[in-house]
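Next comes upload-v3.cif, a file with mmCIF, C-alpha atoms.
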data_protein
#
loop_
_atom_site.group_PDB
_atom_site.id
_atom_site.type_symbol
_atom_site.label_atom_id
_atom_site.label_comp_id
_atom_site.auth_asym_id
_atom_site.auth_seq_id
_atom_site.Cartn_x
_atom_site.Cartn_y
_atom_site.Cartn_z
ATOM 1 C CA MET A 572 2.703 23.803 18.450
ATOM 2 C CA ILE A 573 3.423 23.693 14.710
ATOM 3 C CA LEU A 574 1.834 20.606 13.121
ATOM 4 C CA SER A 575 5.101 19.317 11.628
ATOM 5 C CA GLU A 576 6.763 19.439 15.062
ATOM 6 C CA GLN A 577 3.807 17.740 16.764
ATOM 7 C CA ILE A 578 3.826 14.882 14.260
ATOM 8 C CA ALA A 579 7.601 14.548 14.636
ATOM 9 C CA LYS A 580 7.205 14.287 18.423
ATOM 10 C CA ASP A 581 4.440 11.719 17.958
ATOM 11 C CA LEU A 582 6.541 9.563 15.618
ATOM 12 C CA LEU A 583 9.533 9.646 17.954
ATOM 13 C CA ARG A 584 7.447 8.864 21.040
ATOM 14 C CA ILE A 585 5.896 5.715 19.608
ATOM 15 C CA LYS A 586 9.131 4.758 17.813
ATOM 16 C CA ALA A 587 7.513 4.856 14.403
ATOM 17 C CA VAL A 588 10.725 6.651 13.487
ATOM 18 C CA PHE A 589 13.758 5.140 15.168
ATOM 19 C CA LEU A 590 17.126 6.909 15.135
ATOM 20 C CA ARG A 591 20.292 4.848 15.509
ATOM 21 C CA PRO A 592 23.268 6.726 14.033
ATOM 22 C CA GLN A 593 25.835 4.551 15.822
ATOM 23 C CA GLU A 594 24.241 1.243 14.781
ATOM 24 C CA PRO A 595 22.690 1.699 11.322
ATOM 25 C CA PHE A 596 19.731 -0.288 10.030
ATOM 26 C CA THR A 597 19.950 -2.164 6.730
ATOM 27 C CA TRP A 598 17.228 -1.220 4.238
ATOM 28 C CA ALA A 599 15.870 -3.731 1.717
ATOM 29 C CA SER A 600 18.065 -2.027 -0.887
ATOM 30 C CA GLY A 601 21.149 -2.830 1.188
ATOM 31 C CA ILE A 602 21.711 0.793 2.211
ATOM 32 C CA LYS A 603 23.018 1.243 5.755
ATOM 33 C CA SER A 604 20.753 3.850 7.306
ATOM 34 C CA PRO A 605 20.842 5.656 10.674
ATOM 35 C CA ILE A 606 17.044 6.000 10.549
ATOM 36 C CA TYR A 607 14.200 3.510 10.276
ATOM 37 C CA CYS A 608 10.593 4.523 9.674
ATOM 38 C CA ASP A 609 7.500 2.365 10.279
ATOM 39 C CA ASN A 610 4.446 4.594 10.108
ATOM 40 C CA ARG A 611 2.107 1.602 10.436
ATOM 41 C CA LEU A 612 2.642 2.041 14.173
ATOM 42 C CA THR A 613 0.670 5.288 14.016
ATOM 43 C CA LEU A 614 -2.477 3.214 13.547
ATOM 44 C CA SER A 615 -1.977 1.488 16.907
ATOM 45 C CA ASP A 616 -1.815 4.641 19.016
ATOM 46 C CA VAL A 617 -5.183 6.380 19.280
ATOM 47 C CA THR A 618 -3.789 9.854 19.982
ATOM 48 C CA VAL A 619 -1.148 9.733 17.271
ATOM 49 C CA ARG A 620 -3.599 8.271 14.782
ATOM 50 C CA GLU A 621 -5.955 11.169 15.440
ATOM 51 C CA ASP A 622 -3.134 13.700 14.981
ATOM 52 C CA VAL A 623 -2.074 12.059 11.719
ATOM 53 C CA GLU A 624 -5.516 11.755 10.157
ATOM 54 C CA ASN A 625 -6.538 15.269 11.194
ATOM 55 C CA GLY A 626 -3.244 16.499 9.794
ATOM 56 C CA LEU A 627 -3.712 14.727 6.464
ATOM 57 C CA ALA A 628 -7.228 16.155 6.195
ATOM 58 C CA GLU A 629 -5.827 19.628 6.900
ATOM 59 C CA LEU A 630 -3.180 19.218 4.178
ATOM 60 C CA ILE A 631 -5.819 18.152 1.669
ATOM 61 C CA ARG A 632 -8.156 21.029 2.552
ATOM 62 C CA THR A 633 -5.262 23.482 2.280
ATOM 63 C CA TYR A 634 -3.503 22.297 -0.877
ATOM 64 C CA TYR A 635 -6.177 20.298 -2.725
ATOM 65 C CA PRO A 636 -9.534 21.821 -1.749
ATOM 66 C CA GLU A 637 -11.161 20.536 -4.946
ATOM 67 C CA ALA A 638 -10.345 16.873 -4.123
ATOM 68 C CA GLU A 639 -13.166 14.462 -4.956
ATOM 69 C CA VAL A 640 -11.574 11.071 -4.169
ATOM 70 C CA LEU A 641 -8.728 9.856 -1.959
ATOM 71 C CA MET A 642 -6.635 6.921 -3.183
ATOM 72 C CA GLY A 643 -4.315 5.055 -0.824
ATOM 73 C CA THR A 644 -1.087 3.379 -1.823
ATOM 74 C CA SER A 645 -0.897 -0.352 -1.197
ATOM 75 C CA THR A 646 -0.607 -1.290 1.521
ATOM 76 C CA ALA A 647 0.554 1.333 3.983
ATOM 77 C CA GLY A 648 -1.554 4.185 2.648
ATOM 78 C CA ILE A 649 -4.868 2.327 2.571
ATOM 79 C CA ALA A 650 -5.897 2.749 6.216
ATOM 80 C CA HIS A 651 -4.854 6.408 6.276
ATOM 81 C CA ALA A 652 -6.804 7.116 3.097
ATOM 82 C CA ALA A 653 -9.883 5.400 4.538
ATOM 83 C CA ILE A 654 -9.817 7.220 7.885
ATOM 84 C CA THR A 655 -9.046 10.603 6.330
ATOM 85 C CA ALA A 656 -11.767 10.128 3.707
ATOM 86 C CA THR A 657 -14.241 9.393 6.493
ATOM 87 C CA LYS A 658 -13.263 12.600 8.283
ATOM 88 C CA MET A 659 -13.696 14.557 5.037
ATOM 89 C CA ASN A 660 -16.835 12.750 3.866
ATOM 90 C CA LEU A 661 -15.107 11.737 0.631
ATOM 91 C CA PRO A 662 -15.036 8.456 -1.287
ATOM 92 C CA MET A 663 -11.800 6.475 -1.276
ATOM 93 C CA GLY A 664 -10.117 3.545 -2.883
ATOM 94 C CA TYR A 665 -6.632 2.200 -3.296
ATOM 95 C CA VAL A 666 -4.197 1.120 -5.966
ATOM 96 C CA ARG A 667 -2.626 -2.325 -5.886
ATOM 97 C CA SER A 668 1.066 -2.795 -6.622
ATOM 98 C CA GLY A 669 -0.067 -4.892 -9.594
ATOM 99 C CA ALA A 670 -3.299 -6.009 -11.230
ATOM 100 C CA LYS A 671 -5.061 -9.029 -9.727
ATOM 101 C CA ASP A 672 -4.657 -12.249 -11.695
ATOM 102 C CA HIS A 673 -8.261 -13.298 -11.000
ATOM 103 C CA GLY A 674 -11.791 -11.901 -10.966
ATOM 104 C CA ARG A 675 -11.981 -8.513 -12.716
ATOM 105 C CA GLN A 676 -8.169 -8.180 -12.598
ATOM 106 C CA ASN A 677 -8.435 -4.759 -11.013
ATOM 107 C CA GLN A 678 -5.420 -2.704 -10.045
ATOM 108 C CA ILE A 679 -7.555 0.190 -8.831
ATOM 109 C CA GLU A 680 -9.956 -0.872 -6.092
ATOM 110 C CA GLY A 681 -13.004 1.300 -5.473
ATOM 111 C CA ARG A 682 -15.028 3.435 -7.859
ATOM 112 C CA LEU A 683 -13.053 5.933 -9.931
ATOM 113 C CA LEU A 684 -14.682 7.919 -12.724
ATOM 114 C CA PRO A 685 -12.711 9.513 -15.573
ATOM 115 C CA GLY A 686 -11.886 13.133 -14.799
ATOM 116 C CA GLN A 687 -12.345 12.839 -11.033
ATOM 117 C CA LYS A 688 -9.914 14.903 -8.979
ATOM 118 C CA VAL A 689 -7.807 12.547 -6.891
ATOM 119 C CA VAL A 690 -5.328 12.922 -4.035
ATOM 120 C CA VAL A 691 -2.933 10.036 -3.376
ATOM 121 C CA VAL A 692 -2.373 9.175 0.309
ATOM 122 C CA GLU A 693 1.042 7.699 1.161
ATOM 123 C CA ASP A 694 2.704 6.966 4.495
ATOM 124 C CA LEU A 695 6.357 7.525 3.595
ATOM 125 C CA ILE A 696 8.254 9.263 0.783
ATOM 126 C CA SER A 697 11.867 8.297 0.165
ATOM 127 C CA THR A 698 12.777 8.001 -3.520
ATOM 128 C CA ALA A 699 9.054 8.411 -4.400
ATOM 129 C CA GLY A 700 9.054 5.498 -6.831
ATOM 130 C CA SER A 701 6.090 3.582 -5.399
ATOM 131 C CA CYS A 702 3.750 6.566 -5.015
ATOM 132 C CA LEU A 703 4.563 7.827 -8.510
ATOM 133 C CA GLU A 704 3.650 4.404 -9.925
ATOM 134 C CA VAL A 705 0.253 4.910 -8.271
ATOM 135 C CA VAL A 706 -0.016 8.386 -9.800
ATOM 136 C CA GLU A 707 0.702 6.922 -13.240
ATOM 137 C CA VAL A 708 -1.875 4.123 -12.871
ATOM 138 C CA LEU A 709 -4.522 6.653 -11.844
ATOM 139 C CA ARG A 710 -3.687 8.980 -14.721
ATOM 140 C CA GLU A 711 -3.882 6.099 -17.182
ATOM 141 C CA ALA A 712 -7.375 5.404 -15.806
ATOM 142 C CA GLY A 713 -8.386 8.979 -16.601
ATOM 143 C CA ALA A 714 -8.089 10.518 -13.137
ATOM 144 C CA ASP A 715 -7.021 14.114 -12.614
ATOM 145 C CA VAL A 716 -4.344 13.547 -9.963
ATOM 146 C CA LEU A 717 -3.994 16.739 -7.950
ATOM 147 C CA GLY A 718 -1.031 15.522 -5.920
ATOM 148 C CA ILE A 719 0.144 13.478 -2.952
ATOM 149 C CA VAL A 720 -0.093 13.805 0.820
ATOM 150 C CA SER A 721 2.101 11.766 3.136
ATOM 151 C CA ILE A 722 2.986 11.378 6.784
ATOM 152 C CA PHE A 723 6.772 11.597 6.523
ATOM 153 C CA THR A 724 9.376 12.457 3.892
ATOM 154 C CA TYR A 725 13.121 12.025 3.985
ATOM 155 C CA GLY A 726 13.456 14.939 1.576
ATOM 156 C CA MET A 727 15.866 13.001 -0.651
ATOM 157 C CA LYS A 728 16.911 14.837 -3.789
ATOM 158 C CA LYS A 729 16.077 11.796 -5.933
ATOM 159 C CA GLY A 730 12.532 11.756 -4.585
ATOM 160 C CA LEU A 731 12.072 15.506 -4.997
ATOM 161 C CA ASP A 732 13.377 15.371 -8.563
ATOM 162 C CA ARG A 733 11.147 12.439 -9.475
ATOM 163 C CA ILE A 734 8.044 14.143 -8.116
ATOM 164 C CA ALA A 735 8.834 17.320 -10.048
ATOM 165 C CA ALA A 736 9.540 15.349 -13.237
ATOM 166 C CA ALA A 737 6.152 13.627 -12.895
ATOM 167 C CA ASN A 738 4.502 17.056 -12.847
ATOM 168 C CA THR A 739 2.964 16.538 -9.442
ATOM 169 C CA GLN A 740 3.582 17.602 -5.845
ATOM 170 C CA ASN A 741 3.780 16.110 -2.377
ATOM 171 C CA HIS A 742 2.888 17.680 0.958
ATOM 172 C CA SER A 743 4.072 15.804 4.057
ATOM 173 C CA LEU A 744 3.025 16.228 7.667
ATOM 174 C CA THR A 745 6.672 16.246 8.697
ATOM 175 C CA GLY A 746 10.115 15.424 7.374
ATOM 176 C CA LEU A 747 13.637 14.503 8.349
ATOM 177 C CA ASP A 748 14.832 18.072 8.871
ATOM 178 C CA VAL A 749 12.073 18.881 11.365
ATOM 179 C CA LEU A 750 12.267 15.476 13.019
ATOM 180 C CA ALA A 751 16.038 15.728 13.519
ATOM 181 C CA GLU A 752 15.629 19.152 15.123
ATOM 182 C CA VAL A 753 12.922 17.870 17.459
ATOM 183 C CA ALA A 754 14.989 14.767 18.258
ATOM 184 C CA VAL A 755 17.833 16.963 19.512
ATOM 185 C CA LYS A 756 15.493 19.122 21.612
ATOM 186 C CA GLU A 757 13.858 16.030 23.122
ATOM 187 C CA GLY A 758 17.191 14.341 23.883
ATOM 188 C CA TYR A 759 16.903 11.402 21.483
ATOM 189 C CA ILE A 760 20.139 12.294 19.685
ATOM 190 C CA SER A 761 23.031 14.724 20.016
ATOM 191 C CA PRO A 762 23.599 17.742 17.729
ATOM 192 C CA GLU A 763 26.489 15.816 16.159
ATOM 193 C CA GLU A 764 24.208 12.861 15.406
ATOM 194 C CA LYS A 765 21.691 15.241 13.872
ATOM 195 C CA THR A 766 24.415 16.414 11.475
ATOM 196 C CA GLU A 767 25.145 12.771 10.580
ATOM 197 C CA LEU A 768 21.459 12.160 9.811
ATOM 198 C CA ILE A 769 21.192 15.129 7.476
ATOM 199 C CA GLN A 770 24.473 14.262 5.764
ATOM 200 C CA PHE A 771 23.276 10.686 5.242
ATOM 201 C CA ARG A 772 20.136 11.954 3.505
ATOM 202 C CA ASP A 773 21.980 14.543 1.434
ATOM 203 C CA ASN A 774 24.574 12.016 0.237
ATOM 204 C CA LEU A 775 22.030 9.503 -1.102
#

Can you present the structure in this file as structure tokens?
Amino acid sequence: MILSEQIAKDLLRIKAVFLRPQEPFTWASGIKSPIYCDNRLTLSDVTVREDVENGLAELIRTYYPEAEVLMGTSTAGIAHAAITATKMNLPMGYVRSGAKDHGRQNQIEGRLLPGQKVVVVEDLISTAGSCLEVVEVLREAGADVLGIVSIFTYGMKKGLDRIAAANTQNHSLTGLDVLAEVAVKEGYISPEEKTELIQFRDNL
């Protein structure tokens, strides 16, 4: 099975991605959404966790073979960066959402040397704002940020445009288009509901 389809099946099975076109969820931004994504649940299922971390390692080997350090986004990307780094025998760290107000006042946790080639590990890409803040912090610290890997992307135009404008790239294990197709095949939603999901994403 294609990796993107396997991950989509995994996410649907454990309800890390929940589809509810007829009863939308409310995001923190106030947007009414027919889809809710909580990839933290992947850590609680041994089989899915293995699929995800092996998949992230495969993405990194394929697209960023020269990677020297993995950096997780805070907080959801930290565990995935740590497990994937262990599989790849690479150092890792993470970037806080803001600098600490005590101690050494670090925003980057872990050892990062100027010029090191870094891959950012994120769980979810929507508008890409949070992961691009991490990219910027790492670049300001002198890192050579090769790009981003993530578990799931909505494929929103705003996110795609932001990533391109930041002169970087993201590679996700799976995305909304694949997941919606799998969801129809597996009986989670109807073909009509699939159309609603894609239209929701495309209209944001």

- Point-to-point distance from CA of Pro685 in chain A to CA of Ser721 in chain A, Å rounded to tenths: 24.0 Å

- Item | Near-range 573-579 of chain A list (9 Å; all atoms listed in the file; drop same-chain fewer than 3 positions) as a count of residues only | 21

- List, as an MDAnalysis selection string, every residue that the PyMOL selection byres ((chain A and resi 638) around 10) selects in the file provided. chainID A and resid 631:632 634:637 639:641 661 687:690 715:718

- What lies within 10 Å of range 703-714 of chain A using only C-alpha atoms, ignoring chain neighbours under 2 positions off, as a ChimeraX atom specification? /A:640,642-645,665-669,678-679,683-693,698-701,716-719,730,733-734,737,739

- Just say which residues the PyMOL selection byres ((chain A and resi 763-767) around 10) picks in this file, as a PyMOL selection string. chain A and resi 590-593+605+747-748+750-755+759-762+768-773

Could you dump the residues just selected with C-alpha atoms as a short mmCIF file (atom, residue, chain, number, x, y, z; two decimals), keeping the file's coordinate frame?
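Saved file result-v9.cif follows:
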data_model
loop_
_atom_site.label_atom_id
_atom_site.label_comp_id
_atom_site.auth_asym_id
_atom_site.auth_seq_id
_atom_site.Cartn_x
_atom_site.Cartn_y
_atom_site.Cartn_z
CA LEU A 590 17.13 6.91 15.14
CA ARG A 591 20.29 4.85 15.51
CA PRO A 592 23.27 6.73 14.03
CA GLN A 593 25.84 4.55 15.82
CA PRO A 605 20.84 5.66 10.67
CA LEU A 747 13.64 14.50 8.35
CA ASP A 748 14.83 18.07 8.87
CA LEU A 750 12.27 15.48 13.02
CA ALA A 751 16.04 15.73 13.52
CA GLU A 752 15.63 19.15 15.12
CA VAL A 753 12.92 17.87 17.46
CA ALA A 754 14.99 14.77 18.26
CA VAL A 755 17.83 16.96 19.51
CA TYR A 759 16.90 11.40 21.48
CA ILE A 760 20.14 12.29 19.68
CA SER A 761 23.03 14.72 20.02
CA PRO A 762 23.60 17.74 17.73
CA LEU A 768 21.46 12.16 9.81
CA ILE A 769 21.19 15.13 7.48
CA GLN A 770 24.47 14.26 5.76
CA PHE A 771 23.28 10.69 5.24
CA ARG A 772 20.14 11.95 3.50
CA ASP A 773 21.98 14.54 1.43
#
